[in-house]
Amino acid sequence: MLKHGSMLSKEVLASLPIFPLPNLVLLPGMILPLNVFEPRYLDLVDHVLDCGQHIGVPLLRPGYQEDYEGRPEIEPVFGVGKLLSHLRLPDGRRFIRLEGLARVRLLAERDLSRSFRLVEAAPLPEDIPRDNERLEVLKAQVERLARACNRNDTETVDTVLSITDERVFTYTVTALLPSVEMLISTALNRRLFRSTPYTTFQQRCLACETTDERVALLLERVSALLDVLQSYARLPAEMCN
């Protein structure tokens with residue numbers, strides 16, 4: 001279930017610890033396992049256990065390697081997760097699981113004295129889509145794409161299509177598309193969408209001002225995948241309609 005950003009308290013958003021990552025976008029509804037081993041993020045986990053259960057997970061911007069140990073630039077819109085579980089391993093590492101609750105926008109960095117980063121963030125609204133016709137087209141295209149990739153995996157397809165909250169549906173499709181694209185890329189022995197990698201596309205979807213804008217982006221991407229499938233005469237049997 002999608003948790004609106006406004007459900008995050010002002011106290012949480014005023015001093016939110018963040019765990020920036022270079023190749024992952026935390027989406028609402030997503031379950032994220034993390035193997036934590038860097039000292040600063042071990043400190044972050046201790047802080048979260050003592051002072052709250054929320055962690056922001058922004059995407060690092062290109063070029064982050066030059067200042068990785070410091071405060072490299074991050075995308076201003078990012079997901080906030082709540083700690084679901086925490087396991088302290090014998091070697092000092094921590095294994096945690098986060099549930100993506102909402103998305104927020106970065107306002108400012110706070111408390112620069114700590115080893116990890118704390119920020120102030122503002123909640124972002126999750127509106128109901130207005131363009132129902134385009135949404136229905138997206139659902140039809142998702143069904144075509146999923147069944148083309150694996151005709152036997154009807155349960156997963158039906159589960160996604162049965163999601164009644166359109167906002168949750170768009171985030172679920174955003175989360176699942178990389179797996180579908182990887183399957184197609186492997187089957188066709190070619191890399192798809194070189195100019196717009198998975199994480200870049202997912203970040204664009206997350207940062208959309210409206211759900212309708214997100215639907216439009218997803219429809220464009222899914223339709224492009226279907227065009228790729230249709231342009232190849234030779235496809236593995238499990239990817240045929």
# chains A, B, ... in the order shown; residues from 1 in each chain; ligands from 1

call {"tool": "residues_around", "arguments": {"residues": "Arg71 in chain A", "least_positions_apart": "4", "cutoff": "9 Å", "atoms": "only C-alpha atoms", "output": "PyMOL selection string"}}
result
chain A and resi 64+67+117

call {"tool": "residues_around", "arguments": {"residues": "Leu21 in chain A", "least_positions_apart": "6", "cutoff": "9 Å", "atoms": "only C-alpha atoms", "output": "list of chain:residue names"}}
result
A:Val57, A:Pro58, A:Leu59, A:Leu60, A:Ile74

call {"tool": "select_by_dssp", "arguments": {"residues": "range 21-186 of chain A", "states": "strand (DSSP E)", "output": "MDAnalysis selection string"}}
result
chainID A and resid 31:36 54:57 77:88 94:110 117:123

call {"tool": "closest_residue", "arguments": {"among": "A:Ile18, A:Val25, A:Leu106, A:Val180", "to": "Thr200 in chain A", "atoms": "only C-alpha atoms"}}
result
A:Val25

call {"tool": "residues_around", "arguments": {"residues": "range 201-206 of chain A", "least_positions_apart": "6", "cutoff": "12 Å", "atoms": "only C-alpha atoms", "output": "JSON, numbers by chain"}}
result
{"A": [22, 23, 24, 25, 26, 27, 28, 57, 58, 59, 60, 61, 74, 75, 76, 77, 78, 79, 80, 100, 102, 103, 104, 105, 124, 125, 126, 167, 168, 170, 171, 172, 173, 174, 175, 176, 177, 178, 193, 194, 195, 212, 213, 214, 215, 216, 217, 218, 219, 220, 221, 222]}

call {"tool": "closest_residue", "arguments": {"among": "A:Val157, A:Pro123, A:Leu225, A:Val45", "to": "Met182 in chain A", "atoms": "only C-alpha atoms"}}
result
A:Leu225

call {"tool": "closest_residue", "arguments": {"among": "A:Leu107, A:Leu44, A:Leu49, A:Leu112", "to": "Gly70 in chain A", "atoms": "only C-alpha atoms"}}
result
A:Leu112

call {"tool": "atom_distance", "arguments": {"atom1": "CA of Leu135 in chain A", "atom2": "CA of Ser231 in chain A"}}
result
24.9 Å

call {"tool": "residues_around", "arguments": {"residues": "Pro90 in chain A", "least_positions_apart": "4", "cutoff": "12 Å", "atoms": "only C-alpha atoms", "output": "number ranges by chain"}}
result
A: 37, 94-95

call {"tool": "write_last_selection", "arguments": {"atoms": "N, CA and C atoms", "output": "compact mmCIF listing (two decimals), in the first residue's frame"}}
result
# COMPACT_ATOMS: atom_id res chain seq x y z
N PHE A 37 28.29 -2.30 5.30
CA PHE A 37 29.63 -2.61 5.81
C PHE A 37 30.52 -1.38 5.95
N ARG A 94 25.98 -5.39 8.86
CA ARG A 94 24.56 -5.44 9.18
C ARG A 94 23.79 -5.80 7.91
N PHE A 95 22.79 -6.58 8.07
CA PHE A 95 21.89 -6.87 6.95
C PHE A 95 20.53 -6.29 7.32

call {"tool": "residues_around", "arguments": {"residues": "range 82-86 of chain A", "least_positions_apart": "3", "cutoff": "6 Å", "atoms": "only C-alpha atoms", "output": "short mmCIF file (atom, residue, chain, number, x, y, z; two decimals) with C-alpha atoms, in the first residue's frame"}}
result
data_model
loop_
_atom_site.label_atom_id
_atom_site.label_comp_id
_atom_site.auth_asym_id
_atom_site.auth_seq_id
_atom_site.Cartn_x
_atom_site.Cartn_y
_atom_site.Cartn_z
CA GLN A 53 13.11 3.77 11.57
CA HIS A 54 13.34 5.86 8.40
CA PHE A 95 21.89 -6.87 6.95
CA ILE A 96 18.80 -4.67 6.82
CA ARG A 97 15.57 -4.57 4.85
CA LEU A 98 13.68 -1.39 3.99
CA GLU A 99 10.14 -0.90 2.75
#

call {"tool": "select_by_dssp", "arguments": {"residues": "range 70-140 of chain A", "states": "helix (DSSP H, G or I)", "output": "PyMOL selection string"}}
result
chain A and resi 132-140

call {"tool": "write_last_selection", "arguments": {"atoms": "N, CA and C atoms", "output": "short mmCIF file (atom, residue, chain, number, x, y, z; two decimals), in the first residue's frame"}}
result
data_model
loop_
_atom_site.label_atom_id
_atom_site.label_comp_id
_atom_site.auth_asym_id
_atom_site.auth_seq_id
_atom_site.Cartn_x
_atom_site.Cartn_y
_atom_site.Cartn_z
N ASN A 132 -7.63 8.31 -17.77
CA ASN A 132 -7.94 6.89 -17.61
C ASN A 132 -7.76 6.10 -18.90
N GLU A 133 -7.97 6.73 -20.01
CA GLU A 133 -7.83 6.05 -21.29
C GLU A 133 -6.37 5.62 -21.51
N ARG A 134 -5.45 6.53 -21.27
CA ARG A 134 -4.03 6.19 -21.43
C ARG A 134 -3.60 5.13 -20.42
N LEU A 135 -4.16 5.20 -19.21
CA LEU A 135 -3.85 4.20 -18.19
C LEU A 135 -4.29 2.82 -18.64
N GLU A 136 -5.48 2.72 -19.25
CA GLU A 136 -5.97 1.42 -19.73
C GLU A 136 -5.11 0.89 -20.86
N VAL A 137 -4.61 1.79 -21.71
CA VAL A 137 -3.70 1.37 -22.79
C VAL A 137 -2.42 0.81 -22.19
N LEU A 138 -1.89 1.46 -21.14
CA LEU A 138 -0.69 0.97 -20.48
C LEU A 138 -0.92 -0.43 -19.92
N LYS A 139 -2.05 -0.63 -19.26
CA LYS A 139 -2.34 -1.95 -18.69
C LYS A 139 -2.38 -3.01 -19.78
N ALA A 140 -3.00 -2.69 -20.92
CA ALA A 140 -3.07 -3.65 -22.02
C ALA A 140 -1.69 -3.96 -22.58
#
